[in-house]
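Here's query-v8.tsv, which has TSV, N, CA, C and O atoms:
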```
chain	number	residue	atom	x	y	z
A	1	MET	N	-5.69	2.69	14.08
A	1	MET	CA	-6.72	1.77	14.49
A	1	MET	C	-6.69	1.65	16.01
A	1	MET	O	-5.64	1.60	16.62
A	2	ASN	N	-7.87	1.61	16.60
A	2	ASN	CA	-8.02	1.45	18.04
A	2	ASN	C	-7.32	0.17	18.48
A	2	ASN	O	-7.47	-0.88	17.86
A	3	PRO	N	-6.52	0.19	19.56
A	3	PRO	CA	-5.77	-1.00	20.00
A	3	PRO	C	-6.65	-2.23	20.25
A	3	PRO	O	-6.27	-3.34	19.91
A	4	LYS	N	-7.83	-2.05	20.85
A	4	LYS	CA	-8.72	-3.18	21.10
A	4	LYS	C	-9.24	-3.76	19.78
A	4	LYS	O	-9.32	-4.97	19.62
A	5	ILE	N	-9.57	-2.90	18.86
A	5	ILE	CA	-10.05	-3.33	17.55
A	5	ILE	C	-8.91	-4.02	16.81
A	5	ILE	O	-9.11	-5.04	16.15
A	6	GLU	N	-7.71	-3.48	16.93
A	6	GLU	CA	-6.55	-4.08	16.27
A	6	GLU	C	-6.30	-5.50	16.80
A	6	GLU	O	-6.03	-6.41	16.02
A	7	GLN	N	-6.44	-5.70	18.11
A	7	GLN	CA	-6.29	-7.04	18.69
A	7	GLN	C	-7.35	-7.99	18.15
A	7	GLN	O	-7.06	-9.14	17.81
A	8	LEU	N	-8.59	-7.51	18.08
A	8	LEU	CA	-9.68	-8.31	17.53
A	8	LEU	C	-9.40	-8.67	16.07
A	8	LEU	O	-9.59	-9.81	15.65
A	9	PHE	N	-8.93	-7.69	15.31
A	9	PHE	CA	-8.63	-7.91	13.90
A	9	PHE	C	-7.50	-8.93	13.72
A	9	PHE	O	-7.56	-9.80	12.86
A	10	ILE	N	-6.47	-8.84	14.54
A	10	ILE	CA	-5.35	-9.79	14.47
A	10	ILE	C	-5.84	-11.20	14.79
A	10	ILE	O	-5.50	-12.16	14.09
A	11	LYS	N	-6.68	-11.33	15.81
A	11	LYS	CA	-7.24	-12.63	16.15
A	11	LYS	C	-8.09	-13.17	14.99
A	11	LYS	O	-8.00	-14.34	14.64
A	12	PHE	N	-8.90	-12.31	14.42
A	12	PHE	CA	-9.74	-12.68	13.28
A	12	PHE	C	-8.88	-13.14	12.10
A	12	PHE	O	-9.15	-14.15	11.47
A	13	THR	N	-7.81	-12.42	11.82
A	13	THR	CA	-6.91	-12.76	10.71
A	13	THR	C	-6.26	-14.12	10.94
A	13	THR	O	-6.16	-14.93	10.02
A	14	LYS	N	-5.85	-14.40	12.17
A	14	LYS	CA	-5.25	-15.70	12.49
A	14	LYS	C	-6.26	-16.83	12.26
A	14	LYS	O	-5.92	-17.88	11.74
A	15	GLN	N	-7.51	-16.59	12.65
A	15	GLN	CA	-8.55	-17.60	12.44
A	15	GLN	C	-8.80	-17.81	10.95
A	15	GLN	O	-8.99	-18.94	10.50
A	16	LEU	N	-8.79	-16.75	10.18
A	16	LEU	CA	-8.98	-16.87	8.74
A	16	LEU	C	-7.87	-17.69	8.09
A	16	LEU	O	-8.11	-18.49	7.20
A	17	ARG	N	-6.65	-17.49	8.56
A	17	ARG	CA	-5.51	-18.23	7.99
A	17	ARG	C	-5.63	-19.73	8.22
A	17	ARG	O	-5.08	-20.52	7.47
A	18	GLN	N	-6.36	-20.14	9.26
A	18	GLN	CA	-6.52	-21.55	9.57
A	18	GLN	C	-7.52	-22.23	8.63
A	18	GLN	O	-7.55	-23.45	8.54
A	19	LEU	N	-8.34	-21.45	7.94
A	19	LEU	CA	-9.30	-22.01	7.01
A	19	LEU	C	-8.58	-22.57	5.79
A	19	LEU	O	-7.57	-22.04	5.35
A	20	ASP	N	-9.13	-23.63	5.25
A	20	ASP	CA	-8.56	-24.22	4.04
A	20	ASP	C	-9.09	-23.44	2.85
A	20	ASP	O	-10.24	-23.59	2.46
A	21	THR	N	-8.28	-22.58	2.29
A	21	THR	CA	-8.71	-21.75	1.18
A	21	THR	C	-7.65	-21.72	0.10
A	21	THR	O	-6.46	-21.81	0.38
A	22	GLU	N	-8.11	-21.60	-1.14
A	22	GLU	CA	-7.18	-21.54	-2.27
A	22	GLU	C	-6.60	-20.13	-2.43
A	22	GLU	O	-5.54	-19.95	-3.00
A	23	LYS	N	-7.32	-19.16	-1.91
A	23	LYS	CA	-6.92	-17.77	-2.06
A	23	LYS	C	-5.93	-17.38	-0.97
A	23	LYS	O	-6.13	-17.69	0.20
A	24	GLU	N	-4.85	-16.73	-1.37
A	24	GLU	CA	-3.86	-16.27	-0.38
A	24	GLU	C	-4.49	-15.17	0.46
A	24	GLU	O	-5.12	-14.25	-0.04
A	25	LEU	N	-4.35	-15.28	1.77
A	25	LEU	CA	-4.91	-14.28	2.67
A	25	LEU	C	-3.94	-13.13	2.83
A	25	LEU	O	-2.87	-13.28	3.41
A	26	THR	N	-4.31	-12.00	2.30
A	26	THR	CA	-3.50	-10.80	2.46
A	26	THR	C	-4.17	-9.89	3.49
A	26	THR	O	-5.34	-10.08	3.84
A	27	PHE	N	-3.45	-8.90	3.94
A	27	PHE	CA	-4.00	-7.93	4.88
A	27	PHE	C	-5.22	-7.25	4.25
A	27	PHE	O	-6.24	-7.05	4.90
A	28	HIS	N	-5.13	-6.95	2.98
A	28	HIS	CA	-6.21	-6.28	2.25
A	28	HIS	C	-7.47	-7.15	2.23
A	28	HIS	O	-8.57	-6.67	2.53
A	29	ILE	N	-7.33	-8.44	1.91
A	29	ILE	CA	-8.48	-9.35	1.88
A	29	ILE	C	-9.06	-9.51	3.29
A	29	ILE	O	-10.28	-9.53	3.47
A	30	ALA	N	-8.21	-9.58	4.29
A	30	ALA	CA	-8.68	-9.70	5.67
A	30	ALA	C	-9.50	-8.48	6.08
A	30	ALA	O	-10.52	-8.61	6.75
A	31	ARG	N	-9.08	-7.30	5.67
A	31	ARG	CA	-9.84	-6.08	5.99
A	31	ARG	C	-11.21	-6.10	5.32
A	31	ARG	O	-12.22	-5.74	5.93
A	32	HIS	N	-11.25	-6.51	4.05
A	32	HIS	CA	-12.54	-6.62	3.35
A	32	HIS	C	-13.46	-7.60	4.08
A	32	HIS	O	-14.63	-7.31	4.31
A	33	THR	N	-12.92	-8.75	4.43
A	33	THR	CA	-13.71	-9.78	5.10
A	33	THR	C	-14.19	-9.31	6.46
A	33	THR	O	-15.35	-9.50	6.83
A	34	PHE	N	-13.30	-8.68	7.23
A	34	PHE	CA	-13.68	-8.15	8.54
A	34	PHE	C	-14.80	-7.12	8.40
A	34	PHE	O	-15.80	-7.19	9.12
A	35	ALA	N	-14.64	-6.21	7.46
A	35	ALA	CA	-15.63	-5.15	7.29
A	35	ALA	C	-16.98	-5.71	6.86
A	35	ALA	O	-18.03	-5.25	7.33
A	36	THR	N	-16.97	-6.70	6.00
A	36	THR	CA	-18.22	-7.25	5.47
A	36	THR	C	-18.79	-8.35	6.35
A	36	THR	O	-19.91	-8.25	6.84
A	37	ALA	N	-18.04	-9.41	6.53
A	37	ALA	CA	-18.56	-10.60	7.19
A	37	ALA	C	-18.71	-10.46	8.70
A	37	ALA	O	-19.60	-11.05	9.29
A	38	VAL	N	-17.83	-9.69	9.30
A	38	VAL	CA	-17.87	-9.60	10.76
A	38	VAL	C	-18.71	-8.41	11.22
A	38	VAL	O	-19.58	-8.55	12.08
A	39	THR	N	-18.48	-7.27	10.67
A	39	THR	CA	-19.14	-6.08	11.21
A	39	THR	C	-20.51	-5.80	10.58
A	39	THR	O	-21.51	-5.79	11.30
A	40	LEU	N	-20.55	-5.60	9.29
A	40	LEU	CA	-21.82	-5.18	8.67
A	40	LEU	C	-22.90	-6.25	8.77
A	40	LEU	O	-24.07	-5.91	8.94
A	41	THR	N	-22.53	-7.51	8.66
A	41	THR	CA	-23.56	-8.56	8.78
A	41	THR	C	-24.03	-8.74	10.21
A	41	THR	O	-25.01	-9.42	10.45
A	42	ASN	N	-23.34	-8.11	11.16
A	42	ASN	CA	-23.76	-8.15	12.56
A	42	ASN	C	-24.30	-6.81	13.02
A	42	ASN	O	-24.21	-6.45	14.20
A	43	ILE	N	-24.85	-6.08	12.09
A	43	ILE	CA	-25.57	-4.82	12.33
A	43	ILE	C	-24.70	-3.74	12.98
A	43	ILE	O	-25.13	-3.00	13.83
A	44	VAL	N	-23.46	-3.67	12.58
A	44	VAL	CA	-22.59	-2.57	13.01
A	44	VAL	C	-22.70	-1.49	11.93
A	44	VAL	O	-22.60	-1.79	10.74
A	45	SER	N	-22.91	-0.27	12.33
A	45	SER	CA	-23.10	0.81	11.35
A	45	SER	C	-21.82	1.05	10.55
A	45	SER	O	-20.71	0.80	11.03
A	46	ILE	N	-21.99	1.55	9.34
A	46	ILE	CA	-20.85	1.86	8.47
A	46	ILE	C	-19.95	2.91	9.13
A	46	ILE	O	-18.73	2.88	8.98
A	47	GLU	N	-20.55	3.81	9.90
A	47	GLU	CA	-19.77	4.83	10.60
A	47	GLU	C	-18.85	4.19	11.64
A	47	GLU	O	-17.69	4.57	11.77
A	48	SER	N	-19.38	3.22	12.38
A	48	SER	CA	-18.56	2.53	13.38
A	48	SER	C	-17.47	1.70	12.72
A	48	SER	O	-16.33	1.67	13.19
A	49	VAL	N	-17.81	1.03	11.63
A	49	VAL	CA	-16.81	0.24	10.89
A	49	VAL	C	-15.69	1.16	10.42
A	49	VAL	O	-14.51	0.83	10.51
A	50	SER	N	-16.05	2.34	9.95
A	50	SER	CA	-15.07	3.32	9.49
A	50	SER	C	-14.09	3.67	10.60
A	50	SER	O	-12.88	3.70	10.39
A	51	LYS	N	-14.63	3.91	11.80
A	51	LYS	CA	-13.77	4.21	12.95
A	51	LYS	C	-12.89	3.02	13.30
A	51	LYS	O	-11.71	3.17	13.60
A	52	MET	N	-13.48	1.81	13.29
A	52	MET	CA	-12.72	0.60	13.62
A	52	MET	C	-11.53	0.41	12.69
A	52	MET	O	-10.46	-0.03	13.11
A	53	LEU	N	-11.74	0.70	11.41
A	53	LEU	CA	-10.68	0.53	10.43
A	53	LEU	C	-9.71	1.71	10.39
A	53	LEU	O	-8.72	1.68	9.68
A	54	GLY	N	-10.02	2.76	11.15
A	54	GLY	CA	-9.14	3.92	11.22
A	54	GLY	C	-9.23	4.84	10.03
A	54	GLY	O	-8.29	5.56	9.72
A	55	HIS	N	-10.38	4.83	9.36
A	55	HIS	CA	-10.56	5.68	8.18
A	55	HIS	C	-11.02	7.08	8.58
A	55	HIS	O	-11.83	7.23	9.49
A	56	LYS	N	-10.53	8.07	7.89
A	56	LYS	CA	-10.98	9.45	8.11
A	56	LYS	C	-12.15	9.78	7.19
A	56	LYS	O	-12.91	10.69	7.46
A	57	ASN	N	-12.28	9.03	6.10
A	57	ASN	CA	-13.30	9.28	5.10
A	57	ASN	C	-14.16	8.04	4.93
A	57	ASN	O	-13.64	6.95	4.70
A	58	ILE	N	-15.48	8.19	5.02
A	58	ILE	CA	-16.38	7.04	4.95
A	58	ILE	C	-16.34	6.38	3.57
A	58	ILE	O	-16.62	5.18	3.44
A	59	GLN	N	-15.98	7.11	2.52
A	59	GLN	CA	-15.87	6.49	1.19
A	59	GLN	C	-14.80	5.40	1.17
A	59	GLN	O	-14.94	4.42	0.45
A	60	THR	N	-13.76	5.58	1.94
A	60	THR	CA	-12.72	4.56	2.04
A	60	THR	C	-13.31	3.29	2.65
A	60	THR	O	-13.06	2.19	2.17
A	61	THR	N	-14.13	3.45	3.66
A	61	THR	CA	-14.77	2.30	4.31
A	61	THR	C	-15.71	1.61	3.33
A	61	THR	O	-15.76	0.38	3.27
A	62	GLN	N	-16.45	2.39	2.56
A	62	GLN	CA	-17.37	1.81	1.59
A	62	GLN	C	-16.63	0.95	0.57
A	62	GLN	O	-17.17	-0.03	0.08
A	63	HIS	N	-15.39	1.30	0.29
A	63	HIS	CA	-14.57	0.50	-0.62
A	63	HIS	C	-14.29	-0.88	-0.02
A	63	HIS	O	-14.36	-1.90	-0.71
A	64	TYR	N	-14.00	-0.93	1.27
A	64	TYR	CA	-13.70	-2.19	1.95
A	64	TYR	C	-14.95	-3.00	2.26
A	64	TYR	O	-14.93	-4.22	2.22
A	65	ALA	N	-16.01	-2.34	2.62
A	65	ALA	CA	-17.21	-3.02	3.12
A	65	ALA	C	-18.24	-3.18	2.01
A	65	ALA	O	-18.93	-2.24	1.66
A	66	LYS	N	-18.31	-4.35	1.47
A	66	LYS	CA	-19.29	-4.64	0.42
A	66	LYS	C	-20.56	-5.16	1.08
A	66	LYS	O	-20.53	-6.09	1.87
A	67	VAL	N	-21.68	-4.54	0.75
A	67	VAL	CA	-22.95	-4.95	1.33
A	67	VAL	C	-23.44	-6.19	0.58
A	67	VAL	O	-23.54	-6.20	-0.64
A	68	LEU	N	-23.71	-7.25	1.33
A	68	LEU	CA	-24.15	-8.50	0.75
A	68	LEU	C	-25.65	-8.48	0.48
A	68	LEU	O	-26.42	-7.85	1.21
A	69	ASP	N	-26.09	-9.16	-0.59
A	69	ASP	CA	-27.52	-9.24	-0.91
A	69	ASP	C	-28.31	-9.79	0.28
A	69	ASP	O	-29.40	-9.32	0.57
A	70	ARG	N	-27.73	-10.77	0.97
A	70	ARG	CA	-28.39	-11.37	2.14
A	70	ARG	C	-28.65	-10.30	3.20
A	70	ARG	O	-29.70	-10.26	3.82
A	71	LYS	N	-27.68	-9.41	3.41
A	71	LYS	CA	-27.82	-8.36	4.41
A	71	LYS	C	-28.93	-7.39	4.02
A	71	LYS	O	-29.72	-6.97	4.86
A	72	VAL	N	-29.01	-7.06	2.74
A	72	VAL	CA	-30.07	-6.17	2.26
A	72	VAL	C	-31.43	-6.81	2.51
A	72	VAL	O	-32.37	-6.15	3.00
A	73	SER	N	-31.56	-8.11	2.22
A	73	SER	CA	-32.82	-8.81	2.44
A	73	SER	C	-33.19	-8.82	3.93
A	73	SER	O	-34.35	-8.59	4.28
A	74	GLU	N	-32.21	-9.07	4.78
A	74	GLU	CA	-32.46	-9.07	6.22
A	74	GLU	C	-32.91	-7.68	6.70
A	74	GLU	O	-33.84	-7.56	7.50
A	75	ASP	N	-32.24	-6.64	6.21
A	75	ASP	CA	-32.59	-5.28	6.61
A	75	ASP	C	-34.00	-4.91	6.13
A	75	ASP	O	-34.75	-4.25	6.86
A	76	MET	N	-34.36	-5.33	4.93
A	76	MET	CA	-35.70	-5.04	4.41
A	76	MET	C	-36.76	-5.77	5.23
A	76	MET	O	-37.81	-5.20	5.53
A	77	ALA	N	-36.50	-7.01	5.61
A	77	ALA	CA	-37.45	-7.77	6.44
A	77	ALA	C	-37.61	-7.10	7.81
A	77	ALA	O	-38.73	-6.99	8.33
A	78	LEU	N	-36.51	-6.63	8.38
A	78	LEU	CA	-36.56	-5.94	9.66
A	78	LEU	C	-37.35	-4.63	9.55
A	78	LEU	O	-38.18	-4.32	10.42
A	79	LEU	N	-37.12	-3.90	8.49
A	79	LEU	CA	-37.86	-2.66	8.27
A	79	LEU	C	-39.35	-2.94	8.11
A	79	LEU	O	-40.19	-2.25	8.70
A	80	LYS	N	-39.69	-3.95	7.34
A	80	LYS	CA	-41.09	-4.32	7.15
A	80	LYS	C	-41.74	-4.66	8.48
A	80	LYS	O	-42.86	-4.23	8.76
A	81	GLN	N	-41.02	-5.41	9.31
A	81	GLN	CA	-41.53	-5.79	10.62
A	81	GLN	C	-41.78	-4.55	11.48
A	81	GLN	O	-42.82	-4.42	12.12
A	82	LYS	N	-40.82	-3.63	11.49
A	82	LYS	CA	-40.96	-2.41	12.29
A	82	LYS	C	-42.13	-1.57	11.80
A	82	LYS	O	-42.90	-1.02	12.60
A	83	LEU	N	-42.27	-1.43	10.49
A	83	LEU	CA	-43.36	-0.64	9.93
A	83	LEU	C	-44.71	-1.27	10.23
A	83	LEU	O	-45.69	-0.58	10.52
A	84	THR	N	-44.78	-2.59	10.17
A	84	THR	CA	-46.02	-3.29	10.48
A	84	THR	C	-46.38	-3.09	11.95
A	84	THR	O	-47.53	-2.80	12.27
A	85	GLN	N	-45.41	-3.22	12.85
A	85	GLN	CA	-45.66	-3.02	14.28
A	85	GLN	C	-46.11	-1.59	14.55
A	85	GLN	O	-47.00	-1.34	15.34
A	86	HIS	N	-45.47	-0.63	13.86
A	86	HIS	CA	-45.82	0.78	14.03
A	86	HIS	C	-47.25	1.03	13.56
A	86	HIS	O	-48.01	1.72	14.22
A	87	SER	N	-47.62	0.42	12.45
A	87	SER	CA	-48.95	0.57	11.90
A	87	SER	C	-50.00	-0.03	12.84
A	87	SER	O	-51.06	0.54	13.06
A	88	ILE	N	-49.70	-1.19	13.41
A	88	ILE	CA	-50.62	-1.86	14.33
A	88	ILE	C	-50.80	-1.02	15.61
A	88	ILE	O	-51.91	-0.82	16.07
A	89	SER	N	-49.70	-0.49	16.14
A	89	SER	CA	-49.79	0.29	17.38
A	89	SER	C	-50.52	1.62	17.16
A	89	SER	O	-51.18	2.10	18.05
A	90	LYS	N	-50.43	2.18	15.96
A	90	LYS	CA	-51.15	3.43	15.66
A	90	LYS	C	-52.65	3.20	15.56
A	90	LYS	O	-53.44	4.05	15.94
A	91	SER	N	-53.05	2.03	15.03
A	91	SER	CA	-54.47	1.75	14.83
A	91	SER	C	-55.15	1.28	16.11
A	91	SER	O	-56.36	1.17	16.17
A	92	SER	N	-54.38	1.00	17.16
A	92	SER	CA	-54.97	0.52	18.43
A	92	SER	C	-55.48	1.65	19.28
A	92	SER	O	-55.10	2.71	19.33
```
Let me see the file written as structure tokens.
Amino acid sequence: MNPKIEQLFIKFTKQLRQLDTEKELTFHIARHTFATAVTLTNIVSIESVSKMLGHKNIQTTQHYAKVLDRKVSEDMALLKQKLTQHSISKSS
């Protein structure tokens, strides 16, 4: 893992531990949360997340990074907006 990313991940893990949660925070759960809640929901590509986590194979990253329904809805709305803008600019 890239040293800067590792520092960010360690800081993120410490912040997660401060949350009041019933679930024990393991390194594995922290990686899942980082991949999903921090990176993918902030429009970081799966390829970049893969590099951040130090994976050689993108399928490994896909295991850690679960795409949230909310993220899919946001991406579809963004795509619709882009297609609408493209359609408007073509007709002008």
Among the residues A:Leu68, A:Gln62, A:Leu25, A:Leu8, the one that comes closest to Ala37 (chain A) [using all atoms listed in the file]: A:Leu68
Nearest residue to Thr36 (chain A) from the set A:Gln59, A:Tyr64, A:Gln18, A:Ser48 (distances using only N, CA, C and O atoms): A:Tyr64
Give me the residues within 12 Å of Asp69 (chain A) as a tab-separated table (two decimals) with N, CA, C and O atoms, in the frame of the given file, counting only C-alpha atoms and dropping any in the same chain fewer than 5 places off.
```tsv
chain	number	residue	atom	x	y	z
A	36	THR	N	-16.97	-6.70	6.00
A	36	THR	CA	-18.22	-7.25	5.47
A	36	THR	C	-18.79	-8.35	6.35
A	36	THR	O	-19.91	-8.25	6.84
A	40	LEU	N	-20.55	-5.60	9.29
A	40	LEU	CA	-21.82	-5.18	8.67
A	40	LEU	C	-22.90	-6.25	8.77
A	40	LEU	O	-24.07	-5.91	8.94
A	41	THR	N	-22.53	-7.51	8.66
A	41	THR	CA	-23.56	-8.56	8.78
A	41	THR	C	-24.03	-8.74	10.21
A	41	THR	O	-25.01	-9.42	10.45
A	74	GLU	N	-32.21	-9.07	4.78
A	74	GLU	CA	-32.46	-9.07	6.22
A	74	GLU	C	-32.91	-7.68	6.70
A	74	GLU	O	-33.84	-7.56	7.50
A	75	ASP	N	-32.24	-6.64	6.21
A	75	ASP	CA	-32.59	-5.28	6.61
A	75	ASP	C	-34.00	-4.91	6.13
A	75	ASP	O	-34.75	-4.25	6.86
A	76	MET	N	-34.36	-5.33	4.93
A	76	MET	CA	-35.70	-5.04	4.41
A	76	MET	C	-36.76	-5.77	5.23
A	76	MET	O	-37.81	-5.20	5.53
```
Residue list (alpha helix (DSSP H), DSSP) for chain A, as a PyMOL selection string: chain A and resi 3-18+27-33+46-52+58-64+69-91
Point-to-point distance from atom O of Thr60 (chain A) to CA of Ala30 (chain A), Å rounded to tenths: 13.1 Å
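Here atom O of Leu79 (chain A) and atom N of His63 (chain A) stand 26.4 Å from one another.
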Separation of atom C of Lys90 (chain A) from atom O of Ser73 (chain A), in Å and rounded to one decimal: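 Interatomic distance here is 24.5 Å.
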Residue nearest Phe9 (chain A) among A:Thr26, A:Glu47, A:Leu53, A:Lys82 (counting only C-alpha atoms): A:Leu53
Distance criterion (only C-alpha atoms): nearest to Arg70 (chain A) out of A:Gln7, A:Ser89, A:Asn42, A:Asn57: A:Asn42
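Distances from A:Asn2, A:Met52, A:Arg31, A:Val44 to Leu16 (chain A) were compared using only C-alpha atoms, and the smallest one belongs to A:Arg31.
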Centre, edges in Å (one decimal): axis-aligned box, region 29-42 of chain A, 4 Å padding on all six sides, as JSON:
```
{"center_x": -16.2, "center_y": -8.1, "center_z": 8.0, "size_x": 25.7, "size_y": 13.9, "size_z": 20.3}
```
Rebuild all heavy atoms on region 15-24 of chain A, as a short mmCIF file (atom, residue, chain, number, x, y, z; two decimals), in the frame of the given file?
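Resulting contents of selection_12.cif:
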```cif
data_model
loop_
_atom_site.label_atom_id
_atom_site.label_comp_id
_atom_site.auth_asym_id
_atom_site.auth_seq_id
_atom_site.Cartn_x
_atom_site.Cartn_y
_atom_site.Cartn_z
N GLN A 15 -7.51 -16.59 12.65
CA GLN A 15 -8.55 -17.60 12.44
C GLN A 15 -8.80 -17.81 10.95
O GLN A 15 -8.99 -18.94 10.50
CB GLN A 15 -9.84 -17.20 13.15
CG GLN A 15 -9.73 -17.28 14.65
CD GLN A 15 -10.95 -16.76 15.37
OE1 GLN A 15 -11.76 -16.03 14.80
NE2 GLN A 15 -11.08 -17.12 16.63
N LEU A 16 -8.79 -16.75 10.18
CA LEU A 16 -8.98 -16.87 8.74
C LEU A 16 -7.87 -17.69 8.09
O LEU A 16 -8.11 -18.49 7.20
CB LEU A 16 -9.02 -15.49 8.06
CG LEU A 16 -10.34 -14.75 8.07
CD1 LEU A 16 -10.19 -13.40 7.37
CD2 LEU A 16 -11.45 -15.55 7.43
N ARG A 17 -6.65 -17.49 8.56
CA ARG A 17 -5.51 -18.23 7.99
C ARG A 17 -5.63 -19.73 8.22
O ARG A 17 -5.08 -20.52 7.47
CB ARG A 17 -4.21 -17.72 8.59
CG ARG A 17 -3.81 -16.36 8.08
CD ARG A 17 -2.46 -15.93 8.65
NE ARG A 17 -2.24 -14.52 8.51
CZ ARG A 17 -1.81 -13.92 7.41
NH1 ARG A 17 -1.55 -14.63 6.36
NH2 ARG A 17 -1.64 -12.62 7.36
N GLN A 18 -6.36 -20.14 9.26
CA GLN A 18 -6.52 -21.55 9.57
C GLN A 18 -7.52 -22.23 8.63
O GLN A 18 -7.55 -23.45 8.54
CB GLN A 18 -6.96 -21.74 11.01
CG GLN A 18 -5.89 -21.34 12.01
CD GLN A 18 -6.38 -21.39 13.44
OE1 GLN A 18 -7.55 -21.61 13.71
NE2 GLN A 18 -5.47 -21.15 14.37
N LEU A 19 -8.34 -21.45 7.94
CA LEU A 19 -9.30 -22.01 7.01
C LEU A 19 -8.58 -22.57 5.79
O LEU A 19 -7.57 -22.04 5.35
CB LEU A 19 -10.31 -20.95 6.56
CG LEU A 19 -11.19 -20.35 7.64
CD1 LEU A 19 -12.05 -19.24 7.06
CD2 LEU A 19 -12.06 -21.40 8.29
N ASP A 20 -9.13 -23.63 5.25
CA ASP A 20 -8.56 -24.22 4.04
C ASP A 20 -9.09 -23.44 2.85
O ASP A 20 -10.24 -23.59 2.46
CB ASP A 20 -8.94 -25.70 3.95
CG ASP A 20 -8.29 -26.39 2.77
OD1 ASP A 20 -7.22 -25.92 2.33
OD2 ASP A 20 -8.85 -27.38 2.30
N THR A 21 -8.28 -22.58 2.29
CA THR A 21 -8.71 -21.75 1.18
C THR A 21 -7.65 -21.72 0.10
O THR A 21 -6.46 -21.81 0.38
CB THR A 21 -9.04 -20.31 1.65
OG1 THR A 21 -9.45 -19.54 0.53
CG2 THR A 21 -7.87 -19.65 2.32
N GLU A 22 -8.11 -21.60 -1.14
CA GLU A 22 -7.18 -21.54 -2.27
C GLU A 22 -6.60 -20.13 -2.43
O GLU A 22 -5.54 -19.95 -3.00
CB GLU A 22 -7.90 -21.95 -3.55
CG GLU A 22 -8.33 -23.40 -3.55
CD GLU A 22 -9.14 -23.77 -4.78
OE1 GLU A 22 -9.19 -22.98 -5.74
OE2 GLU A 22 -9.74 -24.86 -4.78
N LYS A 23 -7.32 -19.16 -1.91
CA LYS A 23 -6.92 -17.77 -2.06
C LYS A 23 -5.93 -17.38 -0.97
O LYS A 23 -6.13 -17.69 0.20
CB LYS A 23 -8.15 -16.89 -1.99
CG LYS A 23 -7.98 -15.52 -2.55
CD LYS A 23 -9.32 -14.81 -2.58
CE LYS A 23 -9.27 -13.71 -3.58
NZ LYS A 23 -10.54 -13.03 -3.70
N GLU A 24 -4.85 -16.73 -1.37
CA GLU A 24 -3.86 -16.27 -0.38
C GLU A 24 -4.49 -15.17 0.46
O GLU A 24 -5.12 -14.25 -0.04
CB GLU A 24 -2.62 -15.73 -1.08
CG GLU A 24 -1.56 -15.24 -0.13
CD GLU A 24 -0.38 -14.59 -0.83
OE1 GLU A 24 -0.33 -14.65 -2.06
OE2 GLU A 24 0.45 -14.02 -0.14
#
```
